[in-house]
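Novice: One structure coming up, written as structure tokens, with questions to follow.
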Amino acid sequence: MDRGSSNPKNFLFRIIENFGTQAIQLVISIVLARLLVPENYGVVAIASTLITILTSIVQSSFNTPLVQKKELTEVDLCSSFIMMFILASGLYVVLFLCAPLISVLYSMPELTSVIRVLGIVLIIGSWNSIQLALIYRNTRFRESLIINLFTILVQGLVGIVLAYLGYGVWSLVFSQITAQVMLAILYGLCNHWRPRLYFSWQSIRSIWKIGLPLFGAELLTIASTNINPMIIGLKYSNADLGLYQKGNTIPTTIVNGIVTACTTVYLPMMSRLQDEKQRLLEMLREGSRMATYLIVPIALGLCAISKEFVLLILGERWEQAIPYMQLSCIALAFYPLRIRLQAIKAIGEARHALTTNAVHAISSCTLLFISIYISLEAVTFSIVLAELFFAGTSGMYLKRDLGYAWLDQIRDILPSYVMSAAMCALVMGVEYLMPTVSLLSLLTKIIVGIGTYVAMTFIFRPMVANVVKEWLFHGHR
């Protein structure tokens, strides 16, 4: 089966796709925030977290092998789909039966029906997982761009209409189900792949040989990233959980698009170079520079305008979400370093990927259980510390496996962090000149931030600026 073109200009499609989808999601999120109350988000946060973790259990040991496997057969695809469908169906039955107990645990009467209905996406996800693996494997990112933009528009329209009609929490539930159904239909039409009654344990074993070590790493990442709402919901109110979720999801929606673009494009490209470690290292260094140059200023820029963003755009009912958004932005500034894990996966060092994610999961959970008794601000700050542990562990293995020296790792990313921090400080300084929150102060901060970062790029001319220009407009040499 064709693995598709390795042309890195696909990165441009991924950037456009993720920026487009995240921008649309942001607008939709803002509209919904004005129509709904924090309590609605608290209920859906618990259900979504449970389903995300269960989806990871089903799909994690299949996703990467289906993209990475050198020779992928029809039997591999059909066997993987059948196995995931059986696992997803079984977990849905368990989730359906346990929903009343979970509802009692969180003292949320609506949670039972929300879990039972939203859990349907577990089963739909089995189909979507196979289709998405084919998209990534064959680097068909232009088609992915169109499909995702259309899906997000339909999802948003459904959510907004239902919220306007007064369906509350169900507007969030049915919008998510709508998105999964739309993806299932459009991915199927794009790939022209249909499952057949082929099943081979030998095929499953060959896939699990690659995937099971990565399954542990992926599951640890998903669990540690998503466990916060479940723990917060046990100690704090629905409204507090909703405020925390909104403060975290707004910047994540904006920033995570580029992170996703980097990881999904780089994994298949790096996998092709798994036997050429020097070229792989060069690609990794280039990717690290580019990811930090693009993502860090956005994350820290959002931190600097959080107050205006929340009060003017979301509304005053969300004012208490401001500190959560600011701390979340700082944590997101370290997300570009996650791209480095793709190189560890690409050379087949699944144990090192597992260890890296284990350190992140253990540090995240430990810090969470300590900070939960302090405040929700402390919980959000604990995410920053966990990202630093992740960066340190992945850096250690990159030095060992690829000879990526610590000094080189710092040199590659330091310019972007220094320029972004300087830009953030200058933007926050505008508040002393314009203390009143207004649309003018927001626009002034945005203009100052963009102007400062662009000016520093021209003045200091970091190496990465030429790399970004070459990748986006001329393709990679």
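A note on labels: chains of the structure tokens are A, B, ... as shown, every chain counts residues from 1, and ligands are counted from 1 in their shown order.
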What are the nearest atom pairs, with distances in Å to one decimal, for all residues of stretch 347-466 of chain A that come at most 10 Å from stretch 226-236 of chain A, using only C-alpha atoms, set out by chain and rising residue number as a tab-separated table?
Specialist:
residue	atom	partner	partner_atom	distance
A:Ala361	CA	A:Ile227	CA	9.8
A:Ser364	CA	A:Asn228	CA	9.2
A:Cys365	CA	A:Ile227	CA	8.1
A:Leu368	CA	A:Asn228	CA	7.3
A:Phe369	CA	A:Ile231	CA	8.4
A:Ile372	CA	A:Ile232	CA	7.2
A:Tyr373	CA	A:Lys235	CA	8.7
A:Ser375	CA	A:Tyr236	CA	9.8
A:Leu376	CA	A:Ile232	CA	8.2
A:Val379	CA	A:Asn228	CA	8.2
A:Thr380	CA	A:Asn228	CA	9.1
A:Ile383	CA	A:Asn228	CA	9.6
Novice: Using only C-alpha atoms, I'd like a table of the residues in stretch 354-461 of chain A that come within 9 Å of stretch 281-294 of chain A; for each, show the closest atom pair and its distance in Å rounded to one decimal, ordered by chain and ascending number, as CSV.
Specialist:
residue,atom,partner,partner_atom,distance
A:Leu402,CA,A:Leu281,CA,6.6
A:Gly403,CA,A:Leu281,CA,8.3
A:Tyr404,CA,A:Leu281,CA,7.3
A:Asp408,CA,A:Arg285,CA,8.7
A:Gln409,CA,A:Arg285,CA,7.8
A:Asp412,CA,A:Arg289,CA,5.5
A:Ile413,CA,A:Arg289,CA,5.6
A:Leu414,CA,A:Thr292,CA,8.8
A:Pro415,CA,A:Tyr293,CA,8.2
A:Ser416,CA,A:Tyr293,CA,5.1
A:Tyr417,CA,A:Thr292,CA,7.5
A:Ser420,CA,A:Tyr293,CA,8.6
Novice: Calculated over only C-alpha atoms, which of the candidates A:Ser206, A:Asn40, A:Gln245, A:Ser328 has the smallest distance to A:Val173?
Specialist: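 Closest residue, counting only C-alpha atoms: A:Asn40.
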Novice: Give the answer as one residue: which of A:Ser80, A:Thr444, A:Ser60, A:Thr55 has the shortest atom-to-atom distance to A:Phe199, using only C-alpha atoms?
Specialist: A:Ser80
